[in-house]
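Here is the file run-v2.txt (compact mmCIF, C-alpha atoms).
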```txt
# COMPACT_ATOMS: atom_id res chain seq x y z
CA MET A 932 134.40 13.23 44.39
CA ILE A 933 131.40 11.05 45.02
CA ASP A 934 131.53 7.25 44.85
CA LEU A 935 130.62 6.00 41.36
CA ARG A 936 129.11 2.86 42.85
CA LEU A 937 126.72 4.99 44.89
CA LEU A 938 125.82 6.93 41.75
CA ARG A 939 124.92 3.71 39.91
CA GLU A 940 122.99 2.25 42.85
CA ASP A 941 121.11 5.39 43.92
CA PRO A 942 121.18 8.10 41.22
CA ASP A 943 118.08 9.74 42.68
CA ARG A 944 120.02 10.57 45.83
CA VAL A 945 122.65 12.35 43.75
CA ARG A 946 119.96 14.16 41.76
CA ALA A 947 118.31 15.33 44.99
CA SER A 948 121.65 16.59 46.29
CA GLN A 949 122.36 18.51 43.09
CA ARG A 950 118.85 19.96 43.19
CA ALA A 951 119.29 21.06 46.81
CA ARG A 952 122.55 22.79 45.89
CA GLY A 953 120.88 24.60 43.02
CA GLU A 954 123.27 22.85 40.64
CA ASP A 955 122.74 21.03 37.34
CA VAL A 956 120.66 17.88 37.88
CA GLY A 957 121.08 16.72 34.27
CA ILE A 958 124.76 16.09 34.90
CA VAL A 959 123.77 12.94 36.80
CA ASP A 960 122.37 11.29 33.65
CA SER A 961 125.33 12.51 31.61
CA LEU A 962 127.68 10.98 34.16
CA LEU A 963 125.77 7.69 34.22
CA ALA A 964 125.99 7.49 30.42
CA ALA A 965 129.69 8.36 30.41
CA ASP A 966 130.38 5.75 33.09
CA GLU A 967 128.47 3.08 31.17
CA LEU A 968 130.43 3.88 28.02
CA ARG A 969 133.68 3.83 30.01
CA ARG A 970 132.93 0.37 31.37
CA SER A 971 131.63 -1.09 28.10
CA SER A 972 134.54 0.31 26.07
CA SER A 973 136.95 -1.12 28.64
CA VAL A 974 135.34 -4.55 28.28
CA ARG A 975 135.47 -4.23 24.48
CA PHE A 976 139.17 -3.29 24.62
CA ASP A 977 139.97 -6.27 26.87
CA GLU A 978 138.10 -8.66 24.55
CA LEU A 979 139.89 -7.40 21.43
CA ARG A 980 143.25 -7.43 23.19
CA ALA A 981 142.71 -11.01 24.32
CA GLU A 982 141.81 -12.05 20.76
CA GLN A 983 144.87 -10.23 19.48
CA LYS A 984 147.12 -12.15 21.86
CA GLN A 985 145.61 -15.48 20.90
CA LEU A 986 146.03 -14.65 17.24
CA GLY A 987 149.65 -13.71 17.87
CA LYS A 988 150.28 -17.23 19.17
CA ARG A 989 148.66 -18.88 16.15
CA ILE A 990 150.41 -16.95 13.37
CA PRO A 991 153.91 -18.47 13.80
CA LYS A 992 152.42 -21.95 13.54
CA ALA A 993 150.30 -21.26 10.43
CA ALA A 994 151.28 -21.46 6.76
CA GLY A 995 149.95 -20.63 3.34
CA GLU A 996 146.43 -19.25 2.99
CA GLU A 997 145.70 -19.79 6.68
CA LYS A 998 148.63 -17.60 7.65
CA ALA A 999 147.62 -14.96 5.12
CA GLU A 1000 144.12 -14.91 6.58
CA LEU A 1001 145.47 -14.69 10.12
CA LEU A 1002 147.74 -11.82 9.16
CA ARG A 1003 144.82 -10.02 7.54
CA ARG A 1004 142.78 -10.51 10.69
CA ALA A 1005 145.73 -9.35 12.80
CA GLY A 1006 145.79 -6.09 10.84
CA GLU A 1007 142.07 -5.58 11.45
CA LEU A 1008 142.49 -6.37 15.13
CA SER A 1009 145.37 -3.95 15.48
CA ALA A 1010 143.23 -1.11 14.15
CA ALA A 1011 140.27 -2.19 16.27
CA VAL A 1012 142.40 -2.36 19.43
CA LYS A 1013 143.76 1.13 18.83
CA ALA A 1014 140.24 2.48 18.25
CA ALA A 1015 138.90 0.73 21.37
CA ASP A 1016 141.82 2.01 23.41
CA ALA A 1017 141.16 5.57 22.25
CA GLN A 1018 137.43 5.24 22.97
CA ARG A 1019 138.18 3.81 26.42
CA ASP A 1020 140.54 6.70 27.27
CA GLU A 1021 138.10 9.27 25.94
CA ALA A 1022 135.22 7.79 27.93
CA ALA A 1023 137.35 7.62 31.09
CA ALA A 1024 138.40 11.26 30.67
CA ARG A 1025 134.79 12.35 30.12
CA THR A 1026 133.64 10.38 33.17
CA GLN A 1027 136.34 11.98 35.31
CA GLU A 1028 135.49 15.45 33.99
CA LEU A 1029 131.83 15.04 34.88
CA LEU A 1030 132.60 13.37 38.20
CA LEU A 1031 134.73 16.34 39.26
CA ALA A 1032 131.82 18.67 38.45
CA VAL A 1033 129.40 16.98 40.85
CA GLY A 1034 129.30 18.38 44.39
CA ASN A 1035 129.45 16.31 47.53
CA LEU A 1036 126.22 14.70 48.69
CA VAL A 1037 124.32 17.09 50.93
CA HIS A 1038 123.64 15.75 54.41
CA PRO A 1039 119.91 14.98 54.84
CA ASP A 1040 119.61 17.32 57.85
CA VAL A 1041 120.94 20.38 55.99
CA PRO A 1042 118.26 23.07 55.47
CA VAL A 1043 117.40 23.39 51.77
CA GLY A 1044 117.69 26.79 50.15
CA GLY A 1045 120.02 29.69 49.49
CA GLU A 1046 122.23 31.97 51.54
CA ASP A 1047 119.41 33.27 53.75
CA ASP A 1048 117.75 29.90 54.39
CA PHE A 1049 120.08 28.75 57.19
CA THR A 1050 118.74 27.66 60.56
CA VAL A 1051 120.06 29.00 63.87
CA ARG A 1052 121.32 26.22 66.16
CA GLU A 1053 122.09 28.40 69.16
CA THR A 1054 122.95 31.94 70.24
CA ILE A 1055 125.71 32.53 72.79
CA GLY A 1056 126.35 35.77 74.67
CA THR A 1057 124.44 39.05 74.79
CA HIS A 1058 124.83 42.21 72.70
CA ARG A 1059 125.97 45.27 74.57
CA ASP A 1060 123.45 48.10 74.86
CA PHE A 1061 125.63 51.03 73.87
CA ALA A 1062 122.73 53.48 74.17
CA ALA A 1063 122.32 52.48 77.81
CA GLU A 1064 126.05 52.99 78.28
CA GLY A 1065 125.67 56.50 76.91
CA PHE A 1066 127.71 56.45 73.71
CA GLU A 1067 127.47 55.63 70.01
CA PRO A 1068 129.78 52.75 69.02
CA LYS A 1069 132.50 53.42 66.47
CA ASP A 1070 133.20 51.01 63.67
CA HIS A 1071 136.37 48.96 63.62
CA LEU A 1072 138.17 51.17 61.12
CA GLU A 1073 137.62 54.35 63.13
CA LEU A 1074 138.73 52.53 66.27
CA GLY A 1075 141.72 50.99 64.49
CA GLN A 1076 142.83 54.35 63.13
CA GLY A 1077 142.48 55.90 66.58
CA LEU A 1078 144.72 53.15 67.97
CA ASN A 1079 147.17 53.61 65.08
CA ALA A 1080 146.55 49.92 64.46
CA ILE A 1081 144.99 49.78 60.96
CA ASP A 1082 146.10 51.66 57.85
CA THR A 1083 143.94 50.98 54.79
CA GLU A 1084 144.92 54.14 52.91
CA ARG A 1085 148.56 53.11 52.57
CA GLY A 1086 147.46 49.53 51.91
CA ALA A 1087 145.47 50.79 48.91
CA LYS A 1088 148.33 53.04 47.80
CA VAL A 1089 150.82 50.18 47.81
CA SER A 1090 148.70 47.19 46.77
CA GLY A 1091 145.20 48.36 45.77
CA SER A 1092 141.76 48.13 47.29
CA ARG A 1093 141.08 45.54 50.00
CA PHE A 1094 144.67 45.57 51.22
CA TYR A 1095 145.81 47.01 54.54
CA TYR A 1096 148.62 47.38 57.03
CA LEU A 1097 148.37 46.34 60.66
CA THR A 1098 150.68 48.66 62.54
CA GLY A 1099 151.91 48.94 66.12
CA VAL A 1100 149.35 47.47 68.48
CA GLY A 1101 147.39 46.15 65.47
CA ALA A 1102 150.32 43.93 64.49
CA LEU A 1103 150.75 42.85 68.10
CA LEU A 1104 147.05 42.02 68.29
CA GLU A 1105 147.33 39.72 65.26
CA LEU A 1106 150.30 37.91 66.77
CA ALA A 1107 148.45 37.59 70.07
CA LEU A 1108 145.42 36.08 68.34
CA VAL A 1109 147.51 33.62 66.37
CA ASN A 1110 149.52 32.52 69.40
CA ALA A 1111 146.42 32.17 71.58
CA ALA A 1112 144.63 30.18 68.88
CA ILE A 1113 147.59 27.85 68.36
CA ALA A 1114 147.87 27.41 72.13
CA GLN A 1115 144.22 26.31 72.32
CA ALA A 1116 144.66 23.99 69.34
CA THR A 1117 147.77 22.29 70.71
CA ALA A 1118 146.12 21.91 74.12
CA ALA A 1119 143.31 20.05 72.31
CA GLY A 1120 145.86 17.73 70.69
CA LEU A 1121 146.10 19.25 67.21
CA VAL A 1122 149.54 19.32 65.60
CA PRO A 1123 150.60 22.89 64.73
CA MET A 1124 151.65 23.36 61.11
CA ILE A 1125 153.00 26.24 59.03
CA THR A 1126 151.94 25.41 55.50
CA PRO A 1127 152.96 26.45 51.97
CA ALA A 1128 151.03 29.35 50.45
CA LEU A 1129 151.64 28.09 46.90
CA VAL A 1130 150.31 24.73 45.73
CA LYS A 1131 150.22 22.70 42.53
CA PRO A 1132 146.99 22.30 40.52
CA ARG A 1133 146.59 18.73 41.82
CA ALA A 1134 146.24 20.00 45.40
CA MET A 1135 143.89 22.85 44.51
CA GLU A 1136 141.65 20.67 42.34
CA GLY A 1137 141.73 17.84 44.84
CA THR A 1138 140.24 19.97 47.59
CA GLY A 1139 137.49 21.24 45.29
CA PHE A 1140 138.57 24.84 44.78
CA LEU A 1141 138.86 24.78 41.00
CA GLY A 1142 135.15 24.29 40.44
CA GLN A 1143 132.62 26.88 41.59
CA ALA A 1144 135.33 28.74 43.56
CA ALA A 1145 137.84 28.98 40.71
CA ALA A 1146 137.10 32.66 40.02
CA ASP A 1147 138.18 33.51 43.57
CA VAL A 1148 141.61 31.88 43.26
CA TYR A 1149 144.88 33.56 42.29
CA HIS A 1150 146.73 31.57 39.61
CA LEU A 1151 150.40 32.14 38.78
CA GLU A 1152 150.38 31.10 35.14
CA LYS A 1153 154.15 31.17 34.60
CA ASP A 1154 154.69 28.58 37.34
CA ASP A 1155 151.26 26.90 37.11
CA THR A 1156 150.78 27.22 40.84
CA TYR A 1157 148.01 28.69 42.97
CA LEU A 1158 147.99 30.97 46.00
CA VAL A 1159 145.87 29.27 48.64
CA GLY A 1160 142.70 30.89 49.94
CA THR A 1161 142.97 28.77 53.07
CA SER A 1162 145.49 26.35 54.56
CA GLU A 1163 142.76 23.73 54.16
CA VAL A 1164 144.30 23.13 50.73
CA PRO A 1165 147.89 22.23 51.73
CA LEU A 1166 146.62 20.45 54.85
CA ALA A 1167 144.23 18.27 52.82
CA ALA A 1168 147.01 17.49 50.34
CA TYR A 1169 149.56 16.75 53.08
CA HIS A 1170 148.71 13.03 52.95
CA MET A 1171 147.89 13.01 49.23
CA GLU A 1172 148.37 9.56 47.64
CA GLU A 1173 149.11 8.00 51.03
CA ILE A 1174 147.57 5.07 52.88
CA LEU A 1175 147.22 5.73 56.61
CA ASP A 1176 146.94 2.91 59.11
CA ALA A 1177 143.52 3.02 60.77
CA ASP A 1178 145.05 2.96 64.25
CA THR A 1179 146.88 6.25 63.51
CA LEU A 1180 143.57 8.07 63.06
CA PRO A 1181 142.30 10.60 63.78
CA ARG A 1182 145.02 12.92 62.54
CA ARG A 1183 144.36 16.53 63.49
CA TYR A 1184 146.31 19.58 62.39
CA ALA A 1185 146.18 23.32 63.04
CA GLY A 1186 147.67 25.17 60.07
CA PHE A 1187 148.78 28.79 60.05
CA SER A 1188 149.15 30.48 56.68
CA PRO A 1189 148.50 33.61 54.68
CA CYS A 1190 145.34 33.36 52.59
CA PHE A 1191 144.65 35.04 49.25
CA ARG A 1192 141.22 35.60 47.71
CA ARG A 1193 140.10 37.62 44.72
CA GLU A 1194 136.74 38.22 46.39
CA ALA A 1195 135.14 37.74 42.99
CA GLY A 1196 131.52 38.84 42.94
CA SER A 1197 131.87 40.98 46.07
CA TYR A 1198 132.00 44.36 44.31
CA GLY A 1199 130.52 46.98 46.62
CA LYS A 1200 130.34 44.61 49.62
CA ASP A 1201 132.25 45.40 52.82
CA THR A 1202 134.48 47.93 51.11
CA ARG A 1203 135.23 49.81 54.32
CA GLY A 1204 137.89 48.50 56.66
CA ILE A 1205 139.32 45.00 56.85
CA PHE A 1206 136.32 42.69 57.00
CA ARG A 1207 136.61 41.50 53.38
CA VAL A 1208 140.17 41.64 52.05
CA HIS A 1209 142.40 40.01 49.45
CA GLN A 1210 145.11 38.83 51.87
CA PHE A 1211 144.87 37.76 55.48
CA ASP A 1212 146.29 35.27 57.96
CA LYS A 1213 144.34 32.40 59.45
CA VAL A 1214 144.62 29.44 61.79
CA GLU A 1215 142.73 26.51 60.25
CA MET A 1216 141.95 23.13 61.80
CA PHE A 1217 141.97 20.04 59.60
CA CYS A 1218 141.17 16.43 60.44
CA PHE A 1219 141.54 13.02 58.80
CA VAL A 1220 139.19 10.47 60.39
CA ALA A 1221 137.45 7.19 59.63
CA PRO A 1222 134.23 7.99 57.70
CA GLU A 1223 131.99 6.65 60.46
CA GLU A 1224 133.56 9.16 62.87
CA ALA A 1225 133.04 12.20 60.64
CA GLU A 1226 129.77 13.50 62.10
CA ALA A 1227 131.11 13.35 65.66
CA GLU A 1228 134.30 15.07 64.49
CA LEU A 1229 132.28 17.91 62.97
CA GLU A 1230 130.65 18.52 66.35
CA ARG A 1231 134.10 18.42 67.95
CA LEU A 1232 135.45 21.05 65.56
CA LEU A 1233 132.44 23.23 66.24
CA SER A 1234 132.99 22.89 70.00
CA TRP A 1235 136.58 24.12 69.61
CA GLU A 1236 135.38 27.12 67.59
CA LYS A 1237 132.77 27.93 70.22
CA GLN A 1238 135.41 27.63 72.94
CA TRP A 1239 137.61 30.09 71.06
CA LEU A 1240 134.94 32.71 70.46
CA THR A 1241 133.69 32.38 74.03
CA SER A 1242 137.23 32.95 75.33
CA LEU A 1243 137.32 36.17 73.26
CA GLU A 1244 134.09 37.20 75.04
CA LEU A 1245 132.24 37.76 71.77
CA PRO A 1246 128.48 37.38 71.36
CA PHE A 1247 127.83 34.96 68.51
CA ARG A 1248 125.41 32.48 67.02
CA VAL A 1249 125.86 29.12 65.30
CA ILE A 1250 124.03 28.47 62.04
CA ASP A 1251 123.44 25.35 59.97
CA VAL A 1252 124.33 26.59 56.48
CA ALA A 1253 121.72 25.96 53.78
CA SER A 1254 122.35 23.55 50.90
CA GLY A 1255 122.71 26.22 48.21
CA ASP A 1256 125.39 28.02 50.22
CA LEU A 1257 127.65 25.01 50.75
CA GLY A 1258 130.99 24.76 49.04
CA ALA A 1259 131.31 21.92 46.54
CA SER A 1260 133.27 19.74 48.97
CA ALA A 1261 131.09 20.18 52.04
CA SER A 1262 128.30 17.78 52.96
CA ARG A 1263 127.39 19.96 55.92
CA LYS A 1264 128.72 23.21 57.35
CA PHE A 1265 128.23 25.12 60.57
CA ASP A 1266 129.17 28.81 60.74
CA CYS A 1267 129.84 30.81 63.88
CA GLU A 1268 128.77 34.40 63.31
CA ALA A 1269 129.84 37.18 65.69
CA TRP A 1270 127.70 40.22 66.41
CA ILE A 1271 129.08 43.38 64.77
CA PRO A 1272 127.55 46.34 66.65
CA THR A 1273 127.87 49.03 63.96
CA GLN A 1274 126.39 46.73 61.32
CA GLY A 1275 123.60 45.57 63.62
CA LYS A 1276 123.93 41.97 62.47
CA TYR A 1277 125.86 38.75 62.84
CA ARG A 1278 128.75 38.10 60.45
CA GLU A 1279 130.70 34.91 59.80
CA LEU A 1280 133.92 34.48 61.77
CA THR A 1281 134.45 30.72 61.60
CA SER A 1282 133.07 27.74 59.73
CA ALA A 1283 133.34 23.98 60.22
CA SER A 1284 132.71 21.59 57.33
CA ASN A 1285 132.33 17.85 57.00
CA CYS A 1286 133.64 16.89 53.56
CA THR A 1287 133.08 13.15 54.16
CA GLU A 1288 135.18 11.13 51.66
CA PHE A 1289 134.81 13.69 48.85
CA GLN A 1290 138.27 15.29 49.05
CA ALA A 1291 140.01 12.06 50.03
CA ARG A 1292 138.78 10.32 46.86
CA ARG A 1293 140.19 13.13 44.74
CA LEU A 1294 143.50 13.24 46.63
CA GLN A 1295 143.71 9.45 47.10
CA VAL A 1296 144.06 9.57 50.87
CA ARG A 1297 143.05 6.19 52.24
CA LEU A 1298 143.08 4.20 55.44
CA ARG A 1299 144.12 0.59 55.88
CA GLU A 1300 142.10 -1.54 58.26
CA LYS A 1301 143.81 -4.13 60.47
CA GLY A 1302 142.53 -6.84 58.14
CA GLY A 1303 144.22 -5.14 55.17
CA ALA A 1304 141.15 -3.60 53.52
CA VAL A 1305 141.74 -0.11 52.10
CA ARG A 1306 139.11 2.65 51.80
CA PRO A 1307 138.99 6.46 51.65
CA VAL A 1308 139.22 8.51 54.85
CA ALA A 1309 136.92 11.42 55.68
CA THR A 1310 138.25 14.97 55.89
CA LEU A 1311 136.94 17.91 57.87
CA ASN A 1312 138.03 21.51 58.24
CA GLY A 1313 137.25 24.30 60.65
CA THR A 1314 138.37 27.90 60.98
CA LEU A 1315 139.83 28.67 64.38
CA CYS A 1316 140.89 32.27 63.78
CA ALA A 1317 140.56 34.33 60.60
CA VAL A 1318 142.56 37.30 61.88
CA PRO A 1319 141.07 40.44 60.27
CA ARG A 1320 137.44 39.52 60.91
CA THR A 1321 138.30 38.57 64.47
CA ILE A 1322 139.98 41.96 64.97
CA VAL A 1323 136.84 43.63 63.59
CA ALA A 1324 134.66 41.82 66.12
CA LEU A 1325 137.07 42.42 69.02
CA LEU A 1326 137.45 46.13 68.44
CA GLU A 1327 133.75 46.80 68.02
CA ASN A 1328 132.47 44.62 70.85
CA HIS A 1329 135.10 45.59 73.42
CA GLN A 1330 135.36 49.31 72.68
CA GLN A 1331 134.96 51.91 75.39
CA ALA A 1332 133.59 55.44 75.24
CA ASP A 1333 137.04 57.05 75.06
CA GLY A 1334 138.05 55.02 71.98
CA SER A 1335 140.11 52.51 73.94
CA VAL A 1336 139.47 48.78 73.62
CA ARG A 1337 139.34 46.27 76.47
CA VAL A 1338 141.53 43.19 75.92
CA PRO A 1339 139.90 39.81 76.70
CA GLU A 1340 141.74 37.95 79.41
CA VAL A 1341 142.78 35.11 77.07
CA LEU A 1342 144.87 37.53 74.98
CA ARG A 1343 146.56 39.45 77.79
CA PRO A 1344 149.52 37.07 78.27
CA TYR A 1345 150.32 37.54 74.56
CA LEU A 1346 150.15 41.33 74.81
CA GLY A 1347 152.58 41.78 77.70
CA GLY A 1348 149.77 41.69 80.25
CA ARG A 1349 148.03 44.69 78.68
CA ASP A 1350 144.32 44.79 79.52
CA VAL A 1351 143.40 47.87 77.48
CA LEU A 1352 144.48 49.16 74.08
CA GLU A 1353 144.76 52.93 74.34
CA PRO A 1354 144.27 55.39 71.46
CA ASP A 1355 147.81 56.66 71.97
CA ALA A 1356 149.36 53.18 72.30
CA ALA A 1357 151.25 53.22 69.00
```

Starting from the coordinates I provided, produce the structure as structure tokens.
Amino acid sequence: MIDLRLLREDPDRVRASQRARGEDVGIVDSLLAADELRRSSSVRFDELRAEQKQLGKRIPKAAGEEKAELLRRAGELSAAVKAADAQRDEAAARTQELLLAVGNLVHPDVPVGGEDDFTVRETIGTHRDFAAEGFEPKDHLELGQGLNAIDTERGAKVSGSRFYYLTGVGALLELALVNAAIAQATAAGLVPMITPALVKPRAMEGTGFLGQAAADVYHLEKDDTYLVGTSEVPLAAYHMEEILDADTLPRRYAGFSPCFRREAGSYGKDTRGIFRVHQFDKVEMFCFVAPEEAEAELERLLSWEKQWLTSLELPFRVIDVASGDLGASASRKFDCEAWIPTQGKYRELTSASNCTEFQARRLQVRLREKGGAVRPVATLNGTLCAVPRTIVALLENHQQADGSVRVPEVLRPYLGGRDVLEPDAA
């Protein structure tokens, strides 16, 4: 959540951020009013409570009409204290409700607009000219079926649409990707983690996924737990309600987990193959840093993503995501989009987000300075490898005319030295 002090001191900045996101600007004034009522009702409660205590000391010493009057006043005060307490709690709850509905402050350098208003930071690698090579590229599903690596028909039969099996060399390819990604992450100093796939509401809400993204989340009502859509959630909550010594920062983790998404609102989009699915595995990077280090850390996360995609020999571009396409927690986000030959366009493979102190305030993750001062940390997250989409990009970009697929050198040690996936490899 945003800092209430910043809201009071510079409400126009919050209004501008909400406007850039395409979100409700009026909520800023509602929140200011709720916060003022919360503070004034708290002062009123404290004043009445103090009077009540003073009166309680006087009553035993009084007698006659004076005592009767004091007792009458004590009865009035008791009712007034209860009313003030209720008003204070109600105002605090309303303030918190509104505060949780306000997105993070958008970074001033973020392009303003919707999904298509991003700016391209850089383009890395060159598309293959399949026409010059003399053949028409196949899409990832046709290639995957030829390799006996992807089975969406049985996935749909068993679990429904947007589910799939990875079989034979497809399963080995996932394991190779995960192991190679974790190897890069640990070489960079990140701590590997295998995280829970089920979390409590506190963790899901704290990371900002029960706001605008709530419709995309699977909720197990009987247990009141949520299936995570990314290991960002359990990684962010790992230090929930903890105070970290400043000299132990940064703390960097690489979490591997299954991810579950309803894909709400995606009806008719990417229905073929495994690009947009309900369940997939992912390696996610997550960092806790001092707030003044957050912007540099975002660039560092992006550099690790670029290193990964370059090692997979994929052509890709980096975009600065527009304000209206940011998640509620992100102040700024960079996406790496790989070229998908049969779609003739770039598609998102990784993203890196600076969430500043937004998640840490919700989850109460703080740092303690050497002098003893305590303040929120900043959190950042970055995809290293979302497996199905990466398989899509690998198969399509490294396919050969005979339906085989060349294996990038970085993955060969994890595939028994294999440099080509053959159609009859299953």

Under the rule of at most 12 Å, produce a per-residue listing of stretch 1112-1229 of chain A near stretch 1264-1271 of chain A: chain, number, name, the closest pair of atoms, and the distance in Å, as a Markdown table, using all atoms listed in the file.
```
| residue | atom | partner | partner_atom | distance |
| --- | --- | --- | --- | --- |
| A:Phe1206 | CA | A:Ile1271 | CA | 10.6 |
| A:Glu1226 | CA | A:Lys1264 | CA | 10.9 |
| A:Leu1229 | CA | A:Lys1264 | CA | 8.5 |
```

Find the residues around A:Leu962 up to 8 Å (only C-alpha atoms counted), leave out those fewer than 6 positions away in its own chain, and share them as a count of residues only. 3

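Considering only C-alpha atoms, the residue among A:Leu1074, A:Cys1316, A:Arg1093, A:Arg936 positioned nearest to A:Arg1203 is A:Arg1093.
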
Pairwise distance for atom CA of A:Ala1102 and atom CA of A:Ala1114, rounded to one decimal in Å: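 Separation of atom CA of A:Ala1102 and atom CA of A:Ala1114: 18.4 Å.
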
Within 12 Å of (123.4, 20.4, 38.8), in the coordinates the file gives, what residues turn up when you count all atoms listed in the file, written out as a list in words? Val945, Arg946, Ala947, Ser948, Gln949, Arg950, Ala951, Arg952, Gly953, Glu954, Asp955, Val956, Gly957, Ile958, Val959, Asp960, Ser961, Leu962, Leu1029, Leu1030, Ala1032, Val1033, Gly1034, Asn1035, Leu1036, Gln1143, Gly1255 and Ala1259 of chain A

Using all atoms listed in the file for the distances, tell me which of A:Ala965, A:Val974, A:Ala1167, A:Ala1014 is nearest to A:Phe1289.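 Checking each candidate against A:Phe1289, we get A:Ala1167 as the closest.
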
Could you list, as a ChimeraX atom specification, every residue within 8 Å of stretch 1045-1061 of chain A, counting only C-alpha atoms and ignoring same-chain residues fewer than 3 positions away? /A:1042,1064-1068,1244-1256,1270,1272,1328

What does the file look like for those residues with C-alpha atoms, as a PDB file, keeping the file's coordinate frame?
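The result, written out as again_2.pdb:
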```pdb
ATOM      1  CA  PRO A1042     118.260  23.070  55.470  1.00  0.00           C
ATOM      2  CA  GLU A1064     126.050  52.990  78.280  1.00  0.00           C
ATOM      3  CA  GLY A1065     125.670  56.500  76.910  1.00  0.00           C
ATOM      4  CA  PHE A1066     127.710  56.450  73.710  1.00  0.00           C
ATOM      5  CA  GLU A1067     127.470  55.630  70.010  1.00  0.00           C
ATOM      6  CA  PRO A1068     129.780  52.750  69.020  1.00  0.00           C
ATOM      7  CA  GLU A1244     134.090  37.200  75.040  1.00  0.00           C
ATOM      8  CA  LEU A1245     132.240  37.760  71.770  1.00  0.00           C
ATOM      9  CA  PRO A1246     128.480  37.380  71.360  1.00  0.00           C
ATOM     10  CA  PHE A1247     127.830  34.960  68.510  1.00  0.00           C
ATOM     11  CA  ARG A1248     125.410  32.480  67.020  1.00  0.00           C
ATOM     12  CA  VAL A1249     125.860  29.120  65.300  1.00  0.00           C
ATOM     13  CA  ILE A1250     124.030  28.470  62.040  1.00  0.00           C
ATOM     14  CA  ASP A1251     123.440  25.350  59.970  1.00  0.00           C
ATOM     15  CA  VAL A1252     124.330  26.590  56.480  1.00  0.00           C
ATOM     16  CA  ALA A1253     121.720  25.960  53.780  1.00  0.00           C
ATOM     17  CA  SER A1254     122.350  23.550  50.900  1.00  0.00           C
ATOM     18  CA  GLY A1255     122.710  26.220  48.210  1.00  0.00           C
ATOM     19  CA  ASP A1256     125.390  28.020  50.220  1.00  0.00           C
ATOM     20  CA  TRP A1270     127.700  40.220  66.410  1.00  0.00           C
ATOM     21  CA  PRO A1272     127.550  46.340  66.650  1.00  0.00           C
ATOM     22  CA  ASN A1328     132.470  44.620  70.850  1.00  0.00           C
TER      23      ASN A1328
END
```

Name the closest residue to A:Leu935 among the candidates A:Arg1292, A:Ala1134, A:His1038, A:Leu1298; distances are taken between atoms, counting only C-alpha atoms.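 Of the candidates, the smallest distance to A:Leu935 is held by A:Arg1292.
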
Show me the residues around (133.1, 51.9, 63.6) - criterion: an atom at most 9 Å away, only C-alpha atoms counted - as a PyMOL selection string. chain A and resi 1068-1075+1272-1274+1326-1327

Considering only C-alpha atoms, can you say which of A:Arg1343, A:Ala1195, A:Ala1309, A:Gly1334 comes closest to A:Asn1079? A:Gly1334

Export N, CA and C atoms of stretch 1029-1040 of chain A from the structure just given, as a PDB file, in the first residue's frame?
```
ATOM      1  N   LEU A1029     -10.027   1.389   1.725  1.00  0.00           N
ATOM      2  CA  LEU A1029      -9.733   2.285   0.607  1.00  0.00           C
ATOM      3  C   LEU A1029      -8.250   2.277   0.262  1.00  0.00           C
ATOM      4  N   LEU A1030      -7.415   2.206   1.288  1.00  0.00           N
ATOM      5  CA  LEU A1030      -5.971   2.198   1.074  1.00  0.00           C
ATOM      6  C   LEU A1030      -5.555   0.976   0.250  1.00  0.00           C
ATOM      7  N   LEU A1031      -6.165  -0.164   0.526  1.00  0.00           N
ATOM      8  CA  LEU A1031      -5.847  -1.391  -0.203  1.00  0.00           C
ATOM      9  C   LEU A1031      -6.319  -1.340  -1.660  1.00  0.00           C
ATOM     10  N   ALA A1032      -7.235  -0.416  -1.946  1.00  0.00           N
ATOM     11  CA  ALA A1032      -7.775  -0.318  -3.307  1.00  0.00           C
ATOM     12  C   ALA A1032      -6.980   0.636  -4.191  1.00  0.00           C
ATOM     13  N   VAL A1033      -6.019   1.338  -3.614  1.00  0.00           N
ATOM     14  CA  VAL A1033      -5.210   2.287  -4.381  1.00  0.00           C
ATOM     15  C   VAL A1033      -3.948   1.590  -4.871  1.00  0.00           C
ATOM     16  N   GLY A1034      -3.662   1.690  -6.167  1.00  0.00           N
ATOM     17  CA  GLY A1034      -2.476   1.069  -6.730  1.00  0.00           C
ATOM     18  C   GLY A1034      -1.207   1.790  -6.318  1.00  0.00           C
ATOM     19  N   ASN A1035      -0.087   1.131  -6.560  1.00  0.00           N
ATOM     20  CA  ASN A1035       1.208   1.737  -6.275  1.00  0.00           C
ATOM     21  C   ASN A1035       1.400   2.986  -7.134  1.00  0.00           C
ATOM     22  N   LEU A1036       2.229   3.888  -6.673  1.00  0.00           N
ATOM     23  CA  LEU A1036       2.499   5.105  -7.428  1.00  0.00           C
ATOM     24  C   LEU A1036       3.303   4.772  -8.685  1.00  0.00           C
ATOM     25  N   VAL A1037       2.804   5.196  -9.817  1.00  0.00           N
ATOM     26  CA  VAL A1037       3.467   4.921 -11.086  1.00  0.00           C
ATOM     27  C   VAL A1037       4.744   5.745 -11.189  1.00  0.00           C
ATOM     28  N   HIS A1038       5.827   5.093 -11.599  1.00  0.00           N
ATOM     29  CA  HIS A1038       7.104   5.781 -11.777  1.00  0.00           C
ATOM     30  C   HIS A1038       6.949   6.877 -12.835  1.00  0.00           C
ATOM     31  N   PRO A1039       7.556   8.049 -12.622  1.00  0.00           N
ATOM     32  CA  PRO A1039       7.362   9.161 -13.570  1.00  0.00           C
ATOM     33  C   PRO A1039       7.836   8.883 -14.997  1.00  0.00           C
ATOM     34  N   ASP A1040       8.732   7.918 -15.179  1.00  0.00           N
ATOM     35  CA  ASP A1040       9.243   7.621 -16.525  1.00  0.00           C
ATOM     36  C   ASP A1040       8.406   6.587 -17.275  1.00  0.00           C
TER      37      ASP A1040
END
```
